[in-house]
file input31.cif (mmCIF, C-alpha atoms)
data_protein
loop_
_atom_site.label_atom_id
_atom_site.label_comp_id
_atom_site.auth_asym_id
_atom_site.auth_seq_id
_atom_site.Cartn_x
_atom_site.Cartn_y
_atom_site.Cartn_z
CA MET A 1 86.59 4.09 -34.86
CA ASP A 2 88.25 5.72 -37.87
CA ALA A 3 87.59 4.99 -41.53
CA ASN A 4 90.54 2.62 -41.81
CA GLU A 5 89.41 0.48 -38.91
CA THR A 6 85.89 0.29 -40.27
CA ALA A 7 87.18 -0.80 -43.65
CA SER A 8 89.40 -3.47 -42.11
CA ARG A 9 86.51 -4.79 -40.04
CA LEU A 10 84.21 -5.02 -43.07
CA GLU A 11 86.97 -6.84 -44.91
CA LYS A 12 87.27 -9.32 -42.04
CA ILE A 13 83.53 -9.91 -42.09
CA ALA A 14 83.61 -10.61 -45.83
CA LEU A 15 86.52 -13.02 -45.40
CA ILE A 16 84.83 -14.87 -42.52
CA GLU A 17 81.68 -15.13 -44.60
CA SER A 18 83.57 -16.74 -47.47
CA LEU A 19 85.24 -19.22 -45.11
CA LEU A 20 81.97 -20.16 -43.44
CA PHE A 21 80.16 -20.36 -46.77
CA VAL A 22 82.46 -23.15 -47.91
CA SER A 23 82.67 -25.02 -44.58
CA LYS A 24 80.25 -27.84 -43.88
CA GLU A 25 80.98 -27.94 -40.16
CA PRO A 26 81.05 -25.03 -37.70
CA VAL A 27 84.49 -23.36 -37.76
CA GLU A 28 86.17 -22.88 -34.37
CA ILE A 29 86.56 -19.27 -33.31
CA GLN A 30 90.15 -19.94 -32.26
CA ARG A 31 90.98 -21.14 -35.77
CA LEU A 32 89.38 -18.10 -37.40
CA MET A 33 91.23 -15.74 -35.07
CA GLU A 34 94.59 -17.34 -35.84
CA PHE A 35 93.91 -17.27 -39.58
CA LEU A 36 92.87 -13.63 -39.52
CA GLY A 37 95.85 -12.75 -37.35
CA CYS A 38 93.47 -11.29 -34.81
CA GLY A 39 94.92 -11.69 -31.33
CA ASP A 40 92.34 -9.62 -29.49
CA ALA A 41 89.38 -11.74 -28.43
CA ALA A 42 87.26 -8.69 -27.61
CA GLU A 43 87.88 -7.23 -31.06
CA PHE A 44 86.98 -10.51 -32.70
CA ALA A 45 83.81 -10.78 -30.62
CA ALA A 46 82.87 -7.30 -31.84
CA VAL A 47 83.42 -8.38 -35.44
CA VAL A 48 81.20 -11.43 -34.93
CA LYS A 49 78.55 -9.35 -33.26
CA GLN A 50 78.49 -6.87 -36.14
CA MET A 51 78.33 -9.71 -38.61
CA GLU A 52 75.40 -11.29 -36.75
CA ALA A 53 73.59 -7.97 -36.76
CA LEU A 54 74.17 -7.51 -40.50
CA TYR A 55 72.46 -10.81 -41.28
CA ALA A 56 69.68 -10.30 -38.76
CA GLU A 57 68.83 -6.76 -39.83
CA GLN A 58 68.89 -7.18 -43.57
CA PRO A 59 65.68 -8.66 -44.93
CA THR A 60 67.51 -9.37 -48.19
CA ARG A 61 69.61 -12.07 -46.51
CA GLY A 62 68.30 -15.65 -46.42
CA ILE A 63 71.05 -16.84 -44.16
CA GLN A 64 72.18 -16.03 -40.65
CA LEU A 65 75.22 -16.53 -38.47
CA ARG A 66 74.85 -19.14 -35.75
CA ARG A 67 77.13 -20.08 -32.87
CA ALA A 68 76.93 -23.84 -32.56
CA GLY A 69 79.21 -26.80 -31.94
CA GLY A 70 81.92 -24.56 -30.49
CA GLY A 71 82.23 -22.42 -33.61
CA LEU A 72 80.50 -20.28 -36.20
CA GLN A 73 78.24 -21.54 -38.92
CA LEU A 74 76.01 -20.13 -41.63
CA VAL A 75 72.48 -21.52 -41.62
CA THR A 76 69.27 -20.49 -43.31
CA LYS A 77 66.75 -18.27 -41.56
CA PRO A 78 63.83 -20.21 -40.05
CA ASP A 79 61.25 -18.40 -42.21
CA PHE A 80 62.43 -20.26 -45.28
CA HIS A 81 61.98 -23.75 -43.88
CA GLU A 82 58.78 -24.46 -45.78
CA SER A 83 60.16 -23.11 -49.06
CA LEU A 84 63.33 -25.16 -48.71
CA ARG A 85 61.25 -28.25 -48.05
CA ALA A 86 59.21 -27.59 -51.15
CA PHE A 87 62.23 -26.88 -53.36
CA PHE A 88 64.21 -29.92 -52.24
CA THR A 89 61.00 -32.01 -52.15
CA VAL A 90 61.57 -33.10 -48.58
CA LYS A 91 58.40 -34.48 -47.05
CA GLN A 92 59.54 -33.98 -43.52
CA LYS A 93 62.95 -33.69 -41.96
CA VAL A 94 63.96 -36.80 -40.07
CA LYS A 95 63.48 -36.33 -36.35
CA LEU A 96 64.77 -38.51 -33.56
CA THR A 97 62.41 -41.12 -32.16
CA LEU A 98 61.26 -40.99 -28.55
CA ALA A 99 63.55 -43.90 -27.67
CA SER A 100 66.52 -42.15 -29.28
CA LEU A 101 65.74 -38.88 -27.51
CA GLU A 102 65.54 -40.59 -24.14
CA THR A 103 68.78 -42.42 -24.71
CA LEU A 104 70.46 -39.24 -25.89
CA SER A 105 69.23 -37.40 -22.78
CA ILE A 106 70.91 -39.98 -20.57
CA VAL A 107 74.17 -39.82 -22.51
CA ALA A 108 74.14 -36.01 -22.49
CA TYR A 109 73.69 -35.72 -18.75
CA GLN A 110 75.54 -38.79 -17.47
CA GLN A 111 78.41 -39.06 -19.90
CA PRO A 112 80.54 -41.03 -20.20
CA VAL A 113 78.04 -43.80 -19.68
CA THR A 114 77.85 -47.53 -20.49
CA LEU A 115 75.04 -49.41 -22.20
CA ALA A 116 74.16 -51.14 -18.90
CA GLU A 117 73.88 -47.80 -17.12
CA ILE A 118 71.57 -46.45 -19.83
CA ALA A 119 69.46 -49.60 -19.59
CA ALA A 120 69.16 -49.25 -15.81
CA LEU A 121 67.87 -45.69 -16.12
CA ARG A 122 65.46 -46.24 -18.98
CA GLY A 123 64.14 -49.58 -17.76
CA VAL A 124 64.33 -50.86 -21.35
CA ASN A 125 67.04 -52.19 -23.60
CA PRO A 126 68.78 -49.27 -25.37
CA THR A 127 70.79 -51.23 -27.98
CA ALA A 128 68.79 -50.13 -31.01
CA PRO A 129 68.63 -46.39 -30.20
CA VAL A 130 72.33 -46.38 -29.26
CA ARG A 131 73.13 -47.82 -32.67
CA THR A 132 70.98 -45.18 -34.39
CA LEU A 133 72.65 -42.38 -32.44
CA LEU A 134 76.10 -43.73 -33.30
CA GLU A 135 75.14 -43.88 -36.99
CA LYS A 136 73.87 -40.33 -36.90
CA GLY A 137 77.12 -39.29 -35.24
CA LEU A 138 75.32 -37.74 -32.28
CA ILE A 139 77.20 -39.92 -29.80
CA VAL A 140 80.66 -41.49 -29.92
CA ILE A 141 82.50 -44.18 -28.02
CA ALA A 142 84.72 -42.22 -25.68
CA GLY A 143 86.66 -45.09 -24.12
CA ARG A 144 86.09 -48.20 -22.08
CA LYS A 145 85.12 -48.51 -18.46
CA LYS A 146 87.68 -50.27 -16.34
CA VAL A 147 85.33 -52.91 -15.00
CA PRO A 148 85.06 -56.59 -15.99
CA GLY A 149 84.16 -56.85 -19.67
CA LEU A 150 85.53 -53.38 -20.46
CA PRO A 151 82.16 -52.02 -21.68
CA ALA A 152 82.21 -49.08 -24.10
CA LEU A 153 81.60 -45.63 -22.67
CA TYR A 154 79.37 -43.34 -24.72
CA ALA A 155 79.57 -39.56 -24.86
CA THR A 156 77.96 -36.87 -27.00
CA SER A 157 79.80 -35.62 -30.09
CA LYS A 158 80.41 -32.24 -31.63
CA GLU A 159 77.63 -33.04 -34.07
CA PHE A 160 75.29 -33.34 -31.06
CA LEU A 161 76.02 -29.69 -30.21
CA THR A 162 75.63 -28.57 -33.82
CA TYR A 163 72.43 -30.56 -34.31
CA PHE A 164 70.72 -29.02 -31.31
CA GLY A 165 72.20 -25.55 -31.87
CA LEU A 166 74.31 -25.63 -28.69
CA ASN A 167 77.68 -23.96 -28.45
CA GLU A 168 79.01 -26.16 -25.66
CA LEU A 169 77.67 -28.77 -23.24
CA GLY A 170 77.46 -26.10 -20.55
CA ASP A 171 74.63 -24.50 -22.53
CA LEU A 172 72.33 -27.34 -21.50
CA PRO A 173 70.43 -26.38 -18.36
CA SER A 174 71.55 -28.13 -15.17
CA LEU A 175 69.11 -30.60 -13.67
CA ASP A 176 68.01 -28.01 -11.08
CA GLU A 177 67.47 -25.36 -13.74
CA LEU A 178 65.57 -27.90 -15.78
CA SER A 179 62.75 -28.27 -13.26
CA GLU A 180 62.50 -24.48 -12.97
CA PHE A 181 62.43 -24.24 -16.74
CA PHE A 182 59.47 -26.59 -16.91
CA GLU A 183 57.63 -25.02 -14.00
CA GLU A 184 57.86 -21.64 -15.71
CA LYS A 185 56.74 -23.10 -18.98
CA GLU A 186 53.90 -25.18 -17.60
CA GLN A 187 52.11 -22.31 -15.92
CA PRO A 188 50.97 -20.35 -18.98
CA SER A 189 50.13 -23.53 -20.88
CA LEU A 190 47.42 -24.29 -18.31
CA PHE A 191 45.60 -21.20 -19.46
CA ASP A 192 46.09 -22.07 -23.10
CA ARG A 193 44.35 -25.39 -22.58
CA ARG A 194 41.28 -23.78 -21.07
CA MET B 1 52.41 -27.41 -4.46
CA GLU B 2 48.75 -26.69 -3.78
CA GLU B 3 48.65 -24.29 -6.67
CA THR B 4 49.92 -26.75 -9.21
CA LEU B 5 47.41 -29.31 -8.02
CA GLY B 6 44.64 -26.79 -8.53
CA GLY B 7 45.98 -26.11 -11.98
CA SER B 8 45.94 -29.71 -13.04
CA ASP B 9 42.35 -29.99 -11.80
CA LEU B 10 41.41 -27.41 -14.37
CA LEU B 11 43.39 -29.27 -16.94
CA PHE B 12 41.59 -32.52 -16.39
CA SER B 13 38.14 -31.03 -16.17
CA ALA B 14 38.51 -29.42 -19.58
CA GLY B 15 36.41 -32.07 -21.30
CA SER B 16 37.47 -32.54 -24.91
CA THR B 17 40.96 -31.18 -24.43
CA ALA B 18 41.65 -33.71 -21.71
CA ALA B 19 40.35 -36.50 -23.89
CA ALA B 20 42.56 -35.49 -26.79
CA TYR B 21 45.45 -35.22 -24.39
CA ARG B 22 44.90 -38.74 -23.10
CA VAL B 23 44.88 -40.39 -26.48
CA GLN B 24 48.40 -39.22 -27.08
CA THR B 25 49.81 -40.36 -23.76
CA GLU B 26 48.24 -43.79 -23.73
CA TYR B 27 51.07 -45.45 -25.49
CA PHE B 28 53.88 -46.44 -23.25
CA GLU B 29 57.41 -46.78 -24.39
CA GLY B 30 58.59 -48.64 -21.29
CA PRO B 31 57.54 -49.66 -17.77
CA MET B 32 58.90 -46.47 -16.21
CA ASP B 33 56.81 -44.44 -18.61
CA LEU B 34 53.66 -46.31 -17.58
CA LEU B 35 54.40 -46.07 -13.85
CA LEU B 36 54.97 -42.33 -14.04
CA HIS B 37 51.71 -41.95 -15.93
CA LEU B 38 49.81 -43.85 -13.21
CA ILE B 39 51.43 -41.76 -10.47
CA ARG B 40 50.60 -38.51 -12.25
CA LYS B 41 47.04 -39.66 -12.83
CA ARG B 42 46.61 -39.98 -9.08
CA ARG B 43 48.37 -36.67 -8.64
CA MET B 44 50.76 -38.16 -6.14
CA ASN B 45 54.22 -36.92 -5.34
CA ILE B 46 56.73 -39.50 -6.51
CA MET B 47 58.52 -39.54 -3.18
CA ASP B 48 55.31 -40.38 -1.26
CA VAL B 49 54.06 -43.00 -3.65
CA ARG B 50 52.86 -46.28 -2.20
CA LEU B 51 53.72 -48.43 -5.17
CA GLY B 52 51.61 -51.27 -3.80
CA GLU B 53 48.54 -49.15 -4.44
CA ILE B 54 49.12 -48.75 -8.14
CA THR B 55 50.13 -52.36 -8.73
CA SER B 56 46.67 -53.47 -9.84
CA GLU B 57 46.32 -50.51 -12.18
CA TYR B 58 49.69 -51.32 -13.67
CA LEU B 59 48.66 -54.94 -14.20
CA ALA B 60 45.38 -53.83 -15.77
CA HIS B 61 47.31 -51.78 -18.32
CA LEU B 62 49.36 -54.80 -19.28
CA GLN B 63 46.14 -56.51 -20.38
CA ASN B 64 45.66 -53.77 -22.94
CA ILE B 65 48.46 -54.82 -25.21
CA GLU B 66 47.91 -52.05 -27.71
CA ALA B 67 48.85 -49.39 -25.22
CA ILE B 68 52.33 -50.72 -24.63
CA ASN B 69 55.26 -51.29 -26.88
CA PRO B 70 54.92 -55.04 -27.57
CA SER B 71 58.60 -55.55 -28.28
CA ARG B 72 59.18 -54.42 -24.73
CA GLU B 73 56.67 -56.78 -23.17
CA SER B 74 59.27 -58.68 -21.16
CA GLU B 75 60.53 -55.47 -19.59
CA PHE B 76 57.00 -54.52 -18.61
CA LEU B 77 56.63 -57.96 -17.02
CA VAL B 78 59.86 -57.65 -15.02
CA THR B 79 58.57 -54.45 -13.47
CA ALA B 80 55.20 -56.11 -12.83
CA ALA B 81 57.01 -58.84 -10.88
CA ILE B 82 58.87 -56.23 -8.81
CA LEU B 83 55.59 -54.44 -8.07
CA VAL B 84 53.85 -57.62 -6.96
CA TYR B 85 56.85 -58.44 -4.78
CA ILE B 86 56.77 -54.98 -3.19
CA LYS B 87 53.06 -55.28 -2.57
CA SER B 88 53.28 -58.68 -0.94
CA TYR B 89 56.30 -57.58 1.08
CA SER B 90 54.36 -54.60 2.39
CA LEU B 91 51.69 -56.97 3.73
CA LEU B 92 54.22 -58.84 5.86
CA PRO B 93 55.01 -57.73 9.41
CA LYS B 94 57.86 -55.23 9.22
CA THR B 95 61.34 -56.11 10.33
CA GLU B 96 63.06 -52.86 9.50
CA GLU B 97 66.79 -53.30 9.12
CA GLU B 98 69.07 -50.32 9.15
CA GLY B 99 71.15 -49.51 6.10
CA GLU B 100 69.21 -51.72 3.74
CA VAL B 101 67.55 -49.95 0.85
CA SER B 102 64.11 -51.41 0.28
CA ASP B 103 63.05 -52.53 -3.18
CA GLU B 104 60.36 -49.92 -3.11
CA ARG B 105 62.85 -47.13 -2.40
CA GLN B 106 65.03 -48.43 -5.20
CA LEU B 107 62.20 -48.37 -7.70
CA VAL B 108 61.10 -44.93 -6.55
CA ASN B 109 64.64 -43.65 -7.00
CA ARG B 110 64.66 -45.02 -10.53
CA LEU B 111 61.35 -43.31 -11.20
CA VAL B 112 62.71 -39.98 -9.97
CA GLU B 113 65.67 -40.37 -12.32
CA TYR B 114 63.42 -41.37 -15.18
CA GLU B 115 61.24 -38.34 -14.66
CA LYS B 116 64.31 -36.15 -15.17
CA ILE B 117 65.13 -38.04 -18.34
CA GLN B 118 61.65 -37.39 -19.67
CA LYS B 119 62.08 -33.70 -19.02
CA ILE B 120 65.44 -33.60 -20.75
CA SER B 121 63.97 -35.52 -23.69
CA GLN B 122 61.21 -32.96 -23.95
CA LEU B 123 63.76 -30.17 -23.87
CA LEU B 124 65.91 -31.81 -26.54
CA ASN B 125 62.80 -32.38 -28.61
CA GLU B 126 61.94 -28.68 -28.46
CA MET B 127 65.50 -27.74 -29.37
CA GLU B 128 65.37 -30.16 -32.27
CA GLU B 129 62.11 -28.62 -33.49
CA ALA B 130 63.72 -25.19 -33.50
CA SER B 131 67.01 -26.33 -34.95
CA ILE B 132 65.42 -28.34 -37.73
CA LEU B 133 64.10 -25.11 -39.28
CA LEU B 134 67.63 -23.91 -39.90
CA TRP B 135 69.16 -25.69 -42.85
CA ARG B 136 72.81 -26.40 -42.94
CA ARG B 137 75.04 -26.48 -45.93
CA GLN B 138 74.92 -30.11 -47.02
CA GLU B 139 71.30 -30.80 -46.18
CA GLY B 140 69.87 -29.76 -49.53
CA ASP B 141 72.01 -32.13 -51.60
CA GLU B 142 71.38 -35.07 -49.32
CA SER B 143 67.65 -34.65 -49.25
CA PHE B 144 67.47 -34.07 -52.96
CA HIS B 145 68.27 -37.67 -53.74
CA ALA B 146 66.58 -39.10 -50.70
CA THR B 147 63.06 -38.10 -51.55
CA GLU B 148 60.50 -38.91 -54.17
CA PHE B 149 61.42 -42.52 -53.88
CA THR B 150 58.51 -44.61 -54.98
CA MET B 151 57.96 -48.24 -54.19
CA ASP B 152 57.02 -49.10 -57.74
CA LYS B 153 60.56 -48.45 -58.90
CA MET B 154 61.54 -51.51 -56.99
CA SER B 155 60.84 -55.08 -57.95
CA ALA B 156 59.31 -57.58 -55.55
CA PHE B 157 62.56 -59.48 -55.83
CA GLN B 158 64.55 -56.55 -54.51
CA LEU B 159 62.12 -56.09 -51.67
CA ALA B 160 62.40 -59.72 -50.72
CA GLU B 161 66.16 -59.37 -50.80
CA ILE B 162 66.06 -56.53 -48.29
CA PHE B 163 63.73 -58.47 -46.07
CA PHE B 164 65.94 -61.54 -46.07
CA SER B 165 69.00 -59.44 -45.35
CA ILE B 166 67.24 -58.29 -42.18
CA VAL B 167 66.24 -61.84 -41.30
CA LYS B 168 69.81 -62.98 -41.88
CA LYS B 169 71.13 -60.27 -39.60
CA LYS B 170 68.64 -61.41 -36.98
CA GLU B 171 69.61 -65.04 -37.40
CA ALA B 172 73.25 -64.16 -36.88
CA GLY B 173 72.24 -62.67 -33.56
CA GLY B 174 70.15 -65.72 -32.71
CA PHE B 175 66.42 -65.59 -32.19
CA LEU B 176 65.13 -65.79 -28.68
CA THR B 177 61.92 -67.67 -29.28
CA ILE B 178 60.14 -68.40 -26.05
CA ALA B 179 56.48 -69.00 -26.70
CA SER B 180 54.57 -68.90 -29.91
CA LYS B 181 52.20 -66.01 -30.13
CA ASP B 182 49.70 -65.00 -32.75
CA TYR B 183 50.49 -61.85 -34.60
CA SER B 184 47.85 -60.36 -36.79
CA ILE B 185 48.31 -57.83 -39.54
CA GLU B 186 45.37 -55.89 -38.18
CA ARG B 187 46.93 -55.55 -34.74
CA LYS B 188 50.32 -54.71 -36.22
CA ARG B 189 48.66 -52.14 -38.41
CA GLN B 190 47.17 -50.38 -35.42
CA GLU B 191 50.44 -50.55 -33.58
CA ILE B 192 52.40 -49.01 -36.44
CA LEU B 193 49.83 -46.28 -37.04
CA LEU B 194 49.75 -45.50 -33.32
CA LEU B 195 53.53 -45.32 -33.23
CA LEU B 196 53.50 -42.97 -36.21
CA GLU B 197 50.82 -40.88 -34.56
CA LYS B 198 53.03 -40.53 -31.54
CA GLN B 199 56.44 -40.16 -33.17
CA GLY B 200 55.60 -38.88 -36.62
CA TYR B 201 58.34 -41.06 -38.03
CA ILE B 202 59.60 -44.62 -37.71
CA ASP B 203 63.00 -45.95 -38.53
CA PHE B 204 61.69 -49.28 -39.71
CA THR B 205 65.06 -50.99 -39.77
CA GLU B 206 65.55 -50.08 -36.12
CA TYR B 207 62.00 -51.16 -35.39
CA LEU B 208 62.49 -54.57 -36.98
CA SER B 209 65.75 -55.14 -35.19
CA GLN B 210 63.94 -54.85 -31.86
CA LEU B 211 61.58 -57.72 -32.62
CA ASN B 212 62.35 -61.09 -31.15
CA THR B 213 60.54 -63.63 -33.31
CA ILE B 214 60.61 -64.31 -36.99
CA GLU B 215 56.80 -64.45 -37.07
CA GLU B 216 56.54 -60.93 -35.78
CA LEU B 217 59.18 -59.79 -38.24
CA LEU B 218 57.23 -61.29 -41.12
CA VAL B 219 53.93 -59.85 -39.99
CA SER B 220 55.52 -56.41 -39.50
CA PHE B 221 56.96 -56.43 -42.97
CA PHE B 222 53.73 -57.53 -44.63
CA THR B 223 51.86 -54.91 -42.65
CA LEU B 224 54.28 -52.30 -43.93
CA LEU B 225 53.65 -53.38 -47.52
CA GLU B 226 49.90 -53.40 -46.95
CA LEU B 227 49.93 -49.91 -45.48
CA VAL B 228 52.02 -48.63 -48.36
CA ARG B 229 49.54 -50.14 -50.79
CA GLN B 230 46.71 -48.34 -49.02
CA ARG B 231 48.79 -45.16 -49.20
CA LYS B 232 48.66 -44.75 -45.45
CA LEU B 233 52.42 -44.53 -45.31
CA ILE B 234 55.32 -43.11 -47.20
CA VAL B 235 58.37 -45.33 -47.21
CA VAL B 236 61.78 -44.09 -48.19
CA GLN B 237 64.96 -46.01 -48.63
CA LYS B 238 67.86 -44.03 -50.00
CA LYS B 239 69.65 -47.01 -51.48
CA LEU B 240 69.50 -50.77 -51.44
CA PHE B 241 70.11 -52.25 -47.96
CA ASP B 242 69.94 -48.79 -46.43
CA ARG B 243 67.60 -48.13 -43.53
CA ILE B 244 63.88 -48.04 -44.27
CA GLN B 245 62.22 -44.82 -43.15
CA VAL B 246 58.48 -44.49 -42.68
CA TRP B 247 56.24 -41.43 -42.54
CA LYS B 248 52.51 -40.99 -42.45
CA GLY B 249 51.00 -40.80 -45.88
CA ALA B 250 49.77 -37.52 -47.33
CA SER B 251 46.43 -39.08 -48.31
CA ASP B 252 45.60 -39.46 -44.65
CA PRO B 253 43.30 -36.56 -43.82
CA ALA B 254 44.77 -36.33 -40.33
CA ALA B 255 48.22 -35.55 -41.72
CA GLY B 256 48.84 -31.90 -42.41
#

call {"tool": "encode", "arguments": {"input": "input31.cif", "output": "structure tokens"}}
result
Amino acid sequence: MDANETASRLEKIALIESLLFVSKEPVEIQRLMEFLGCGDAAEFAAVVKQMEALYAEQPTRGIQLRRAGGGLQLVTKPDFHESLRAFFTVKQKVKLTLASLETLSIVAYQQPVTLAEIAALRGVNPTAPVRTLLEKGLIVIAGRKKVPGLPALYATSKEFLTYFGLNELGDLPSLDELSEFFEEKEQPSLFDRR
Amino acid sequence: MEETLGGSDLLFSAGSTAAAYRVQTEYFEGPMDLLLHLIRKRRMNIMDVRLGEITSEYLAHLQNIEAINPSRESEFLVTAAILVYIKSYSLLPKTEEEGEVSDERQLVNRLVEYEKIQKISQLLNEMEEASILLWRRQEGDESFHATEFTMDKMSAFQLAEIFFSIVKKKEAGGFLTIASKDYSIERKRQEILLLLEKQGYIDFTEYLSQLNTIEELLVSFFTLLELVRQRKLIVVQKKLFDRIQVWKGASDPAAG
């Protein structure tokens, strides 16, 4: 890579940083590429990779680049969580309740899904958690099922991906992988408990 | 399979750890939750479970009202009825008909599905824990105004207004009052503290909207006020008529 190319890449990184700094939501990679006039996906990936490394390697940076919600986003580094809490006087960040998490799990893996289908799987009435999830923007109504009554079909939103730090739905483990994931994890924890 | 069974033996024989572990799991969100717990306790494979065998244990748990989510009592009872039916059916001489899925099979299939859901929930929970440490752009501003809300800035009149707005919402939906039941502040208090212990946080507006009788609504609200007075809880409401959020109080030595 010659000096000119290096300079142009650093310029791109600076420009992307300024765009991400101002954006509240993750910015789609496609959109950034079009704006930068960068047609080469491999080249752009290299730029992003270098940018990620710059944040990660420099201890003077309090922020990092994250791929989430199908785009790029600047977020703080995890080490500063406690300090941020103290500065903004946040007692504890709001977490989802067990009922909401269960409902969200069903929507994530069975979407699009109706209220009745969620109820059948959970064995309890999901109306309240569904309302909470809609308010938080983690799920959306994605249409209506063509059965009597035309019940609403729920699906996860882009905010769902961003909230959980996922780039796309495919990043969630499949149900088969899930049991492996837990088997692997459960083994060492048995020793911890002793 | 043998290995995992051996492993869980170790787990359960580890005296104090096992006890601490049990306290946390002995609150059941729904009937599926409770059934899975009973199956795991017996270290049975879900697919081989004879549901008839755990029916009496299930019924015994229903007696202990504090261990289940009371606003879900009816759903626990529906499952109890299914279990009793399965048990009595299994005592009858068998007339096996091809192609018909037995009630027991059906319930077992639901349990298998529910077990997956629990795993996914756990996964999402872990992802949330990790993700929550990374602050996004707008979070600072939002939280800045949301916190340090103290109850004494609000008059009793305003509080009453919020309460009646919830009651009104409930009335619009129509109360389903079936039998009168005594609610005590003491029992409610334990329930709320247990729920906080388990979840760390309650969306009180959501919680209230699940309740079916006006008595329980009233008792819940008074209990909330009482707990706030004793500084057991921190209650935050960003603005009037917004949702009421509840955390464990800092004065509680158990809270970090």

call {"tool": "atom_distance", "arguments": {"input": "input31.cif", "atom1": "CA of Ile39 (chain B)", "atom2": "CA of Ser105 (chain A)"}}
result
22.1 Å

call {"tool": "closest_residue", "arguments": {"input": "input31.cif", "among": "B:Val84, B:Glu113, B:Glu73, B:Ser90", "to": "Ile46 (chain B)", "atoms": "only C-alpha atoms"}}
result
B:Glu113

call {"tool": "resolve_selection", "arguments": {"input": "input31.cif", "expression": "the PyMOL selection byres ((chain A) within 8 of (chain B))", "output": "PyMOL selection string"}}
result
chain A and resi 23-24+74-81+88-91+93-95+97-99+101-102+104-106+121-124+128-129+132+163-165+175+178-179+182+190+193-194

call {"tool": "atom_distance", "arguments": {"input": "input31.cif", "atom1": "CA of Ile82 (chain B)", "atom2": "CA of Arg43 (chain B)"}}
result
22.2 Å

call {"tool": "residues_around", "arguments": {"input": "input31.cif", "residues": "region 216-229 of chain B", "least_positions_apart": "3", "cutoff": "9 Å", "atoms": "all atoms listed in the file", "output": "number ranges by chain"}}
result
B: 151, 163, 167, 181-186, 188-189, 192, 208-209, 211-213, 232-235, 246, 249

call {"tool": "closest_residue", "arguments": {"input": "input31.cif", "among": "B:Ile166, B:Leu83, B:Leu38, B:Ile244", "to": "Leu51 (chain B)", "atoms": "all atoms listed in the file"}}
result
B:Leu83

call {"tool": "closest_residue", "arguments": {"input": "input31.cif", "among": "A:Arg67, A:Glu25, A:Leu172, A:Leu84", "to": "Lys158 (chain A)", "atoms": "all atoms listed in the file"}}
result
A:Glu25

call {"tool": "atom_distance", "arguments": {"input": "input31.cif", "atom1": "CA of Val47 (chain A)", "atom2": "CA of Ala14 (chain A)"}}
result
10.6 Å

call {"tool": "resolve_selection", "arguments": {"input": "input31.cif", "expression": "the PyMOL selection byres ((chain A and resi 71) around 6)", "output": "ChimeraX atom specification"}}
result
/A:26-29,67-70,72

call {"tool": "residues_around", "arguments": {"input": "input31.cif", "residues": "Glu104 (chain B)", "least_positions_apart": "2", "cutoff": "8 Å", "atoms": "only C-alpha atoms", "output": "tab-separated table (two decimals) with C-alpha atoms, keeping the file's coordinate frame"}}
result
chain	number	residue	atom	x	y	z
B	51	LEU	CA	53.72	-48.43	-5.17
B	86	ILE	CA	56.77	-54.98	-3.19
B	102	SER	CA	64.11	-51.41	0.28
B	106	GLN	CA	65.03	-48.43	-5.20
B	107	LEU	CA	62.20	-48.37	-7.70
B	108	VAL	CA	61.10	-44.93	-6.55

call {"tool": "residues_around", "arguments": {"input": "input31.cif", "residues": "Gly143 (chain A)", "least_positions_apart": "3", "cutoff": "10 Å", "atoms": "only C-alpha atoms", "output": "PyMOL selection string"}}
result
chain A and resi 112-114+140+146+150-155

call {"tool": "closest_residue", "arguments": {"input": "input31.cif", "among": "B:Lys87, B:Arg42, B:Arg231, B:Lys168", "to": "Ile214 (chain B)", "atoms": "only C-alpha atoms"}}
result
B:Lys168

call {"tool": "resolve_selection", "arguments": {"input": "input31.cif", "expression": "the PyMOL selection byres ((chain A and resi 169) around 10)", "output": "list in words"}}
result
Gly69, Gly70, Ala108, Tyr109, Thr156, Ser157, Lys158, Phe160, Leu161, Leu166, Asn167, Glu168, Gly170, Asp171, Leu172 and Pro173 of chain A

call {"tool": "residues_around", "arguments": {"input": "input31.cif", "residues": "Glu17 (chain A)", "least_positions_apart": "3", "cutoff": "12 Å", "atoms": "only C-alpha atoms", "output": "PyMOL selection string"}}
result
chain A and resi 10-14+20-23+27+32+47-48+51-52+54-55+63-66+72-75
